[in-house]
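Pasting model-v7.tsv here (TSV, C-alpha atoms):
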chain	number	residue	atom	x	y	z
A	1	MET	CA	74.00	177.84	209.02
A	2	PRO	CA	77.25	176.42	207.58
A	3	GLN	CA	79.21	178.64	205.23
A	4	ARG	CA	79.41	177.76	201.55
A	5	ALA	CA	82.29	178.11	199.15
A	6	ASN	CA	81.25	181.43	197.61
A	7	LYS	CA	84.38	183.44	198.43
A	8	ASP	CA	85.13	183.82	194.72
A	9	GLY	CA	81.78	182.55	193.41
A	10	ARG	CA	79.06	184.17	191.37
A	11	VAL	CA	77.19	187.15	192.76
A	12	GLU	CA	74.33	188.12	190.46
A	13	ALA	CA	72.15	191.21	190.74
A	14	LEU	CA	68.51	190.87	189.74
A	15	ILE	CA	67.01	194.32	189.25
A	16	PHE	CA	63.32	194.49	188.55
A	17	ALA	CA	62.03	197.49	186.65
A	18	GLY	CA	58.70	196.33	185.31
A	19	GLY	CA	56.35	198.83	186.96
A	20	VAL	CA	54.41	201.46	185.06
A	21	GLY	CA	54.58	204.12	187.79
A	22	ARG	CA	50.92	205.09	188.19
A	23	ARG	CA	51.69	206.92	191.45
A	24	MET	CA	54.19	209.21	189.74
A	25	GLY	CA	51.38	211.07	187.99
A	26	GLY	CA	51.58	213.19	184.86
A	27	SER	CA	54.56	211.40	183.33
A	28	ALA	CA	54.43	209.57	180.01
A	29	ARG	CA	57.44	207.51	181.10
A	30	PRO	CA	57.48	204.69	183.62
A	31	LYS	CA	59.12	205.91	186.84
A	32	GLN	CA	62.32	203.87	186.31
A	33	PHE	CA	62.97	205.77	183.07
A	34	LEU	CA	62.51	209.29	184.43
A	35	GLU	CA	65.75	211.18	183.93
A	36	LEU	CA	68.01	213.15	186.19
A	37	GLY	CA	71.09	214.77	184.71
A	38	GLY	CA	70.43	213.10	181.37
A	39	ARG	CA	70.37	209.57	182.86
A	40	PRO	CA	67.29	207.46	183.64
A	41	ILE	CA	66.83	206.34	187.24
A	42	ILE	CA	67.33	202.69	186.28
A	43	ASP	CA	70.82	203.48	184.99
A	44	TYR	CA	71.87	204.96	188.34
A	45	THR	CA	70.61	201.79	190.01
A	46	VAL	CA	72.29	199.37	187.62
A	47	ALA	CA	75.60	201.23	187.96
A	48	HIS	CA	75.84	200.50	191.70
A	49	PHE	CA	75.76	196.78	191.01
A	50	ALA	CA	77.54	196.57	187.66
A	51	GLU	CA	80.48	198.54	189.07
A	52	HIS	CA	80.64	196.69	192.40
A	53	PRO	CA	83.81	194.58	192.75
A	54	LEU	CA	81.93	191.49	194.00
A	55	VAL	CA	79.14	191.46	191.41
A	56	THR	CA	79.77	189.14	188.47
A	57	GLY	CA	76.61	189.76	186.44
A	58	VAL	CA	73.31	191.62	186.28
A	59	VAL	CA	69.87	190.88	184.87
A	60	VAL	CA	67.25	193.60	184.57
A	61	VAL	CA	63.59	192.60	184.35
A	62	CYS	CA	61.96	195.29	182.25
A	63	LEU	CA	58.66	196.33	180.72
A	64	GLU	CA	58.70	194.59	177.36
A	65	SER	CA	57.92	197.77	175.41
A	66	TRP	CA	60.96	199.51	176.96
A	67	ILE	CA	63.53	196.75	176.49
A	68	GLY	CA	65.05	198.32	173.35
A	69	TYR	CA	65.45	201.69	175.06
A	70	LEU	CA	67.03	200.09	178.13
A	71	ARG	CA	69.50	198.10	176.05
A	72	ASP	CA	70.57	201.30	174.30
A	73	VAL	CA	71.12	203.02	177.66
A	74	LEU	CA	73.18	200.13	179.02
A	75	ALA	CA	75.22	199.82	175.82
A	76	ARG	CA	76.29	203.45	176.08
A	77	ARG	CA	77.64	202.84	179.59
A	78	ARG	CA	79.80	199.88	178.51
A	79	TYR	CA	79.75	198.06	181.82
A	80	ASP	CA	82.42	195.41	182.34
A	81	VAL	CA	80.06	192.70	183.64
A	82	PRO	CA	77.49	190.92	181.46
A	83	ILE	CA	74.01	192.43	181.70
A	84	GLY	CA	70.93	190.55	180.54
A	85	VAL	CA	67.51	192.07	179.98
A	86	VAL	CA	64.31	190.01	180.17
A	87	ALA	CA	60.64	190.93	179.90
A	88	GLY	CA	58.66	191.25	183.11
A	89	GLY	CA	55.53	189.36	184.03
A	90	VAL	CA	52.06	190.38	185.15
A	91	SER	CA	53.12	190.67	188.81
A	92	GLY	CA	56.24	191.47	190.78
A	93	GLN	CA	56.53	187.85	191.85
A	94	GLU	CA	56.37	186.60	188.26
A	95	SER	CA	58.87	189.24	187.15
A	96	ILE	CA	61.39	188.18	189.79
A	97	PHE	CA	60.92	184.54	188.79
A	98	ARG	CA	61.67	185.40	185.17
A	99	GLY	CA	64.92	187.01	186.25
A	100	LEU	CA	65.78	184.02	188.44
A	101	ASP	CA	64.97	181.62	185.63
A	102	TYR	CA	67.33	183.54	183.36
A	103	LEU	CA	70.14	183.37	185.94
A	104	HIS	CA	69.46	179.70	186.70
A	105	GLY	CA	69.68	178.95	182.99
A	106	LEU	CA	73.14	180.50	182.74
A	107	HIS	CA	74.65	178.13	185.31
A	108	PRO	CA	72.09	175.52	186.39
A	109	GLY	CA	72.78	173.78	189.66
A	110	ASP	CA	75.38	176.27	190.92
A	111	GLU	CA	74.55	176.05	194.63
A	112	ASP	CA	77.25	178.58	195.55
A	113	ALA	CA	75.78	181.46	193.52
A	114	ILE	CA	74.30	184.44	195.36
A	115	VAL	CA	71.53	186.67	194.01
A	116	LEU	CA	70.83	190.24	195.08
A	117	VAL	CA	67.22	191.27	194.37
A	118	HIS	CA	66.79	195.02	194.08
A	119	ASP	CA	64.20	197.58	192.98
A	120	GLY	CA	65.09	199.44	189.83
A	121	VAL	CA	63.79	202.62	191.45
A	122	ARG	CA	66.11	202.48	194.48
A	123	PRO	CA	69.03	204.38	192.93
A	124	LEU	CA	70.60	205.51	196.23
A	125	ILE	CA	71.97	202.19	197.41
A	126	ASP	CA	75.70	202.14	198.16
A	127	GLU	CA	78.71	199.84	197.82
A	128	ARG	CA	79.02	199.21	201.55
A	129	THR	CA	75.48	197.86	201.84
A	130	ILE	CA	75.82	195.63	198.78
A	131	THR	CA	79.02	194.18	200.25
A	132	ALA	CA	77.32	193.65	203.63
A	133	CYS	CA	74.46	191.77	201.95
A	134	VAL	CA	76.85	189.45	200.12
A	135	GLU	CA	78.86	188.74	203.27
A	136	SER	CA	75.69	188.14	205.27
A	137	VAL	CA	74.44	185.51	202.83
A	138	ARG	CA	77.85	183.82	202.82
A	139	THR	CA	77.93	183.50	206.59
A	140	ARG	CA	74.26	183.38	207.64
A	141	GLY	CA	71.80	182.95	204.76
A	142	CYS	CA	68.77	184.91	203.57
A	143	THR	CA	69.29	188.62	204.18
A	144	ALA	CA	67.12	191.73	204.03
A	145	THR	CA	68.35	195.30	203.98
A	146	VAL	CA	66.55	197.44	206.55
A	147	ALA	CA	66.54	201.00	207.83
A	148	PRO	CA	65.67	202.21	211.34
A	149	ALA	CA	62.11	203.42	211.84
A	150	ILE	CA	62.19	207.15	212.58
A	151	GLU	CA	58.44	207.64	213.09
A	152	THR	CA	56.06	206.19	215.66
A	153	ILE	CA	54.53	202.88	214.52
A	154	THR	CA	50.95	202.09	215.53
A	155	LEU	CA	48.53	199.22	215.08
A	156	THR	CA	44.88	200.07	214.49
A	157	ASP	CA	41.65	198.13	214.50
A	158	GLU	CA	39.01	198.01	211.76
A	159	GLU	CA	37.43	201.21	213.11
A	160	GLY	CA	40.70	203.12	212.91
A	161	ALA	CA	41.36	203.21	216.63
A	162	ILE	CA	44.93	202.65	217.83
A	163	THR	CA	45.31	199.32	219.59
A	164	GLN	CA	49.06	199.39	220.14
A	165	VAL	CA	51.97	201.80	219.90
A	166	ILE	CA	55.15	199.91	219.00
A	167	PRO	CA	58.49	201.31	220.22
A	168	ARG	CA	60.55	202.42	217.23
A	169	GLY	CA	63.57	200.52	218.48
A	170	GLU	CA	61.72	197.24	218.03
A	171	VAL	CA	60.87	197.68	214.33
A	172	SER	CA	62.68	198.57	211.13
A	173	LEU	CA	61.74	199.44	207.56
A	174	ALA	CA	62.27	196.78	204.91
A	175	ARG	CA	64.40	198.03	202.03
A	176	ALA	CA	66.52	196.43	199.31
A	177	PRO	CA	68.61	194.68	198.19
A	178	GLN	CA	67.40	191.35	199.51
A	179	ALA	CA	70.05	188.66	199.19
A	180	PHE	CA	69.84	184.87	198.91
A	181	TRP	CA	71.49	181.71	197.68
A	182	LEU	CA	70.24	181.71	194.09
A	183	GLU	CA	69.18	178.05	194.03
A	184	GLU	CA	67.26	178.40	197.31
A	185	LEU	CA	65.26	181.39	196.07
A	186	TYR	CA	64.69	179.75	192.69
A	187	GLY	CA	63.45	176.59	194.41
A	188	ALA	CA	61.13	178.64	196.64
A	189	HIS	CA	59.56	180.24	193.57
A	190	LEU	CA	59.00	176.83	191.99
A	191	ARG	CA	57.37	175.64	195.20
A	192	ALA	CA	55.13	178.71	195.31
A	193	GLN	CA	54.01	177.96	191.76
A	194	ARG	CA	53.22	174.34	192.61
A	195	GLU	CA	51.20	175.42	195.63
A	196	GLY	CA	49.38	178.23	193.83
A	197	LEU	CA	50.89	180.94	196.03
A	198	ASP	CA	51.18	184.02	193.86
A	199	GLU	CA	50.69	187.04	196.12
A	200	PHE	CA	53.97	187.38	198.03
A	201	ILE	CA	54.87	191.05	198.31
A	202	ASP	CA	58.60	190.34	198.03
A	203	SER	CA	61.21	187.58	198.15
A	204	VAL	CA	61.81	187.88	201.90
A	205	SER	CA	58.11	187.30	202.53
A	206	MET	CA	58.22	184.17	200.39
A	207	MET	CA	61.29	182.75	202.10
A	208	ASP	CA	59.88	183.54	205.53
A	209	ASN	CA	56.66	181.74	204.61
A	210	PHE	CA	58.66	178.64	203.69
A	211	GLY	CA	60.48	178.62	207.01
A	212	TYR	CA	63.79	180.28	206.17
A	213	ARG	CA	65.32	182.48	208.82
A	214	ILE	CA	65.87	186.03	207.58
A	215	TYR	CA	68.85	188.07	208.76
A	216	THR	CA	69.30	191.81	208.33
A	217	VAL	CA	71.88	194.41	207.43
A	218	GLU	CA	71.32	198.12	207.89
A	219	GLY	CA	71.38	200.23	204.75
A	220	PRO	CA	71.60	203.99	204.22
A	221	ALA	CA	68.62	206.13	205.25
A	222	GLU	CA	68.49	207.68	201.79
A	223	ASN	CA	67.89	204.28	200.12
A	224	ILE	CA	64.33	205.29	199.20
A	225	LYS	CA	62.07	203.88	196.52
A	226	VAL	CA	61.24	206.52	193.92
A	227	THR	CA	57.52	206.02	193.32
A	228	THR	CA	55.98	209.49	193.75
A	229	PRO	CA	56.89	213.03	192.65
A	230	MET	CA	58.01	213.76	196.24
A	231	ASP	CA	60.38	210.77	196.08
A	232	TYR	CA	61.81	212.02	192.78
A	233	TYR	CA	62.59	215.43	194.25
A	234	ALA	CA	64.13	213.78	197.32
A	235	PHE	CA	66.37	211.77	194.96
A	236	LYS	CA	67.31	214.96	193.14
A	237	GLY	CA	68.08	216.65	196.44
A	238	TYR	CA	70.37	213.82	197.55
A	239	MET	CA	72.22	213.90	194.24
A	240	ASP	CA	72.57	217.70	194.32
A	241	ALA	CA	73.95	217.51	197.88
A	242	ARG	CA	76.42	214.79	196.85
A	243	ASP	CA	77.63	216.86	193.90
A	244	GLN	CA	78.06	219.87	196.17
A	245	ARG	CA	80.14	217.84	198.63
A	246	MET	CA	82.33	216.67	195.78
A	247	LEU	CA	82.88	220.28	194.66
A	248	TRP	CA	83.80	221.34	198.20
A	249	ALA	CA	86.23	218.43	198.50
A	250	ALA	CA	87.84	219.36	195.17
A	251	ASP	CA	88.21	222.98	196.25
A	252	GLU	CA	89.79	221.97	199.56
A	253	GLY	CA	92.19	219.63	197.75

What does the file become when written as structure tokens?
Amino acid sequence: MPQRANKDGRVEALIFAGGVGRRMGGSARPKQFLELGGRPIIDYTVAHFAEHPLVTGVVVVCLESWIGYLRDVLARRRYDVPIGVVAGGVSGQESIFRGLDYLHGLHPGDEDAIVLVHDGVRPLIDERTITACVESVRTRGCTATVAPAIETITLTDEEGAITQVIPRGEVSLARAPQAFWLEELYGAHLRAQREGLDEFIDSVSMMDNFGYRIYTVEGPAENIKVTTPMDYYAFKGYMDARDQRMLWAADEG
């Protein structure tokens, strides 16, 4: 795929945080607004993108009833890049489209703009992976972040019997961000609407269905999606370990 002129072009982050978190259990708050250290999970996620040197703007797709709260959180952080907040839809696909439509409306027809689509409850992404996604789109096209599979993968039949054991080295786990030329992804969503296709699990699945080749970059193993209590405690453990490393480094300095 030929390279485009995005070296200094727009790189927008679309962070969707419209879920209600039914798998979290026992919490009155949606999972993206659970707090750690006085900050909601969504704020940790937004910070990785809003503070990244290549990112020029962010839009967060949010549960409508929580938009006011989210805007207050973001205002306190005083990020340097513009951050929009839009209401989510009835499905993940519709929510992503609403974010894309917002970004498209800011600069319609900008074929050199890149969009990074990310889960609001993946707060452990890092700068290196975001950079790798941007560079991959610039040089190759549609890009998915992945992680190596560390467990055995099996295929089973309708009776639950294993039909195939797949070597771990041949598969990987799909993560986020997923990165695209903004106008290509926006156009794919419009096509899906025209054709009545409304059940794509994510943007990579949609682009693959429409014949786009998907490239990959490897992200950090800890880039988990916080959807259950176990995930939340794993997130807390990673953050506690990071803080401890920082303390050790300060002591050694």

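Using only C-alpha atoms, the nearest neighbour of A:Asp112 within the list A:Leu100, A:Leu182, A:Val86, A:Val171 is A:Leu182.
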
Excluding stretch 190-205 of chain A and its own-chain neighbours fewer than 2 positions away, which residues fall within 9 Å of it when counting all atoms listed in the file? Please give them as a compact mmCIF listing (two decimals) with C-alpha atoms, in the frame of the given file.
# COMPACT_ATOMS: atom_id res chain seq x y z
CA SER A 91 53.12 190.67 188.81
CA GLY A 92 56.24 191.47 190.78
CA GLN A 93 56.53 187.85 191.85
CA GLU A 94 56.37 186.60 188.26
CA ILE A 96 61.39 188.18 189.79
CA PHE A 97 60.92 184.54 188.79
CA VAL A 117 67.22 191.27 194.37
CA CYS A 142 68.77 184.91 203.57
CA THR A 143 69.29 188.62 204.18
CA ALA A 144 67.12 191.73 204.03
CA GLN A 178 67.40 191.35 199.51
CA ALA A 179 70.05 188.66 199.19
CA LEU A 185 65.26 181.39 196.07
CA TYR A 186 64.69 179.75 192.69
CA GLY A 187 63.45 176.59 194.41
CA ALA A 188 61.13 178.64 196.64
CA MET A 207 61.29 182.75 202.10
CA ASP A 208 59.88 183.54 205.53
CA ASN A 209 56.66 181.74 204.61
CA PHE A 210 58.66 178.64 203.69
CA TYR A 212 63.79 180.28 206.17
CA ILE A 214 65.87 186.03 207.58

A:Gly18, A:Gly120, A:Pro177, A:Pro167 ranked by distance to A:Val146, top pick (using only C-alpha atoms):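 Checking each of A:Gly18, A:Gly120, A:Pro177, A:Pro167 against A:Val146, counting only C-alpha atoms, the winner is A:Pro177.
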
Contact residues around A:Lys225 with all atoms listed in the file at 10 Å, ignoring same-chain residues under 3 positions, as a ChimeraX atom specification: /A:119-124,175-176,222,228,231-232,235

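Residue neighbourhood of A:Ala87, excluding near-sequence residues (fewer than 4 positions): Val61, Cys62, Leu63 and Glu64 of chain A, at 7 Å, using all atoms listed in the file.
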
Among listed residues A:Phe33, A:Tyr215, A:Tyr69, A:Tyr102, nearest A:Ala13 (using only C-alpha atoms):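 Going through A:Phe33, A:Tyr215, A:Tyr69, A:Tyr102 one by one, the smallest distance to A:Ala13 is for A:Tyr102.
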
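Atom to atom, atom CA of A:Glu35 and atom CA of A:Lys236 stand 10.1 Å apart.
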
d(atom CA of A:Val134, atom CA of A:Pro148) in Å: 20.3 Å

All file atoms of stretch 165-169 of chain A boxed axis-aligned, 3 Å per side, centre plus edges, as AutoDock Vina command-line options:
--center_x 57.8 --center_y 201.2 --center_z 218.7 --size_x 17.6 --size_y 8.5 --size_z 9.0

Expected answer as a list of chain:residue names: all residues with atoms within 8 Å of (71.8, 187.8, 189.1), only C-alpha atoms: A:Val11, A:Glu12, A:Ala13, A:Leu14, A:Gly57, A:Val58, A:Val59, A:Gly99, A:Leu100, A:Leu103, A:Ile114, A:Val115, A:Leu116, A:Val117

File dump, residues just selected, C-alpha atoms, as a tab-separated table (two decimals), in the coordinates of the input:
chain	number	residue	atom	x	y	z
A	11	VAL	CA	77.19	187.15	192.76
A	12	GLU	CA	74.33	188.12	190.46
A	13	ALA	CA	72.15	191.21	190.74
A	14	LEU	CA	68.51	190.87	189.74
A	57	GLY	CA	76.61	189.76	186.44
A	58	VAL	CA	73.31	191.62	186.28
A	59	VAL	CA	69.87	190.88	184.87
A	99	GLY	CA	64.92	187.01	186.25
A	100	LEU	CA	65.78	184.02	188.44
A	103	LEU	CA	70.14	183.37	185.94
A	114	ILE	CA	74.30	184.44	195.36
A	115	VAL	CA	71.53	186.67	194.01
A	116	LEU	CA	70.83	190.24	195.08
A	117	VAL	CA	67.22	191.27	194.37

Å distance separating atom CA of A:Pro53 from atom CA of A:Ser95, one decimal place: 26.1 Å

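The closest residue to A:Lys31, picked from A:Val226, A:Gly68, A:Asp243, A:Thr163 and counting all atoms listed in the file, is A:Val226.
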
Given only C-alpha atoms as the counted atoms, nearest of A:Arg245, A:Glu127, A:Gly211, A:Ala221 to A:Leu173: A:Ala221

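Nearest to A:His118 of all the residues A:Ala174, A:Ala234, A:Val73, A:Val137 is A:Ala174, based on all atoms listed in the file.
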
A:Ile130 surroundings by all atoms listed in the file, 9 Å radius, close-in-sequence under 4 positions cut, as a PyMOL selection string: chain A and resi 48-49+52+54+116+125-126+134-135+177+219

Non-local contacts of A:Gly109 (10 Å; all atoms listed in the file; under 4 positions in same chain excluded) as a ChimeraX atom specification: /A:104-105,113,182-183

Take stretch 71-86 of chain A, bring it up to N, CA and C atoms, and give me the output as an mmCIF file, in the coordinates of the input.
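The file below, part.cif, is the result:
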data_model
loop_
_atom_site.group_PDB
_atom_site.id
_atom_site.type_symbol
_atom_site.label_atom_id
_atom_site.label_comp_id
_atom_site.auth_asym_id
_atom_site.auth_seq_id
_atom_site.Cartn_x
_atom_site.Cartn_y
_atom_site.Cartn_z
ATOM 1 N N ARG A 71 68.274 198.667 176.618
ATOM 2 C CA ARG A 71 69.500 198.100 176.050
ATOM 3 C C ARG A 71 70.388 199.182 175.461
ATOM 4 N N ASP A 72 69.777 200.185 174.846
ATOM 5 C CA ASP A 72 70.570 201.300 174.300
ATOM 6 C C ASP A 72 71.263 202.066 175.423
ATOM 7 N N VAL A 73 70.542 202.307 176.520
ATOM 8 C CA VAL A 73 71.120 203.020 177.660
ATOM 9 C C VAL A 73 72.302 202.246 178.226
ATOM 10 N N LEU A 74 72.129 200.944 178.437
ATOM 11 C CA LEU A 74 73.180 200.130 179.020
ATOM 12 C C LEU A 74 74.382 199.997 178.086
ATOM 13 N N ALA A 75 74.119 199.933 176.793
ATOM 14 C CA ALA A 75 75.220 199.820 175.820
ATOM 15 C C ALA A 75 76.104 201.056 175.840
ATOM 16 N N ARG A 76 75.506 202.219 176.046
ATOM 17 C CA ARG A 76 76.290 203.450 176.080
ATOM 18 C C ARG A 76 77.216 203.485 177.296
ATOM 19 N N ARG A 77 76.827 202.818 178.371
ATOM 20 C CA ARG A 77 77.640 202.840 179.590
ATOM 21 C C ARG A 77 78.817 201.866 179.516
ATOM 22 N N ARG A 78 78.701 200.843 178.710
ATOM 23 C CA ARG A 78 79.800 199.880 178.510
ATOM 24 C C ARG A 78 80.299 199.278 179.824
ATOM 25 N N TYR A 79 79.381 198.710 180.566
ATOM 26 C CA TYR A 79 79.750 198.060 181.820
ATOM 27 C C TYR A 79 80.626 196.835 181.547
ATOM 28 N N ASP A 80 81.492 196.524 182.508
ATOM 29 C CA ASP A 80 82.420 195.410 182.340
ATOM 30 C C ASP A 80 81.786 194.045 182.593
ATOM 31 N N VAL A 81 80.702 193.991 183.355
ATOM 32 C CA VAL A 81 80.060 192.700 183.640
ATOM 33 C C VAL A 81 78.930 192.461 182.642
ATOM 34 N N PRO A 82 78.604 191.203 182.371
ATOM 35 C CA PRO A 82 77.490 190.920 181.460
ATOM 36 C C PRO A 82 76.164 191.362 182.070
ATOM 37 N N ILE A 83 75.319 191.970 181.248
ATOM 38 C CA ILE A 83 74.010 192.430 181.700
ATOM 39 C C ILE A 83 72.944 191.872 180.767
ATOM 40 N N GLY A 84 72.053 191.067 181.308
ATOM 41 C CA GLY A 84 70.930 190.550 180.540
ATOM 42 C C GLY A 84 69.689 191.389 180.792
ATOM 43 N N VAL A 85 68.789 191.377 179.842
ATOM 44 C CA VAL A 85 67.510 192.070 179.980
ATOM 45 C C VAL A 85 66.405 191.095 179.584
ATOM 46 N N VAL A 86 65.429 190.904 180.464
ATOM 47 C CA VAL A 86 64.310 190.010 180.170
ATOM 48 C C VAL A 86 63.007 190.757 180.413
#
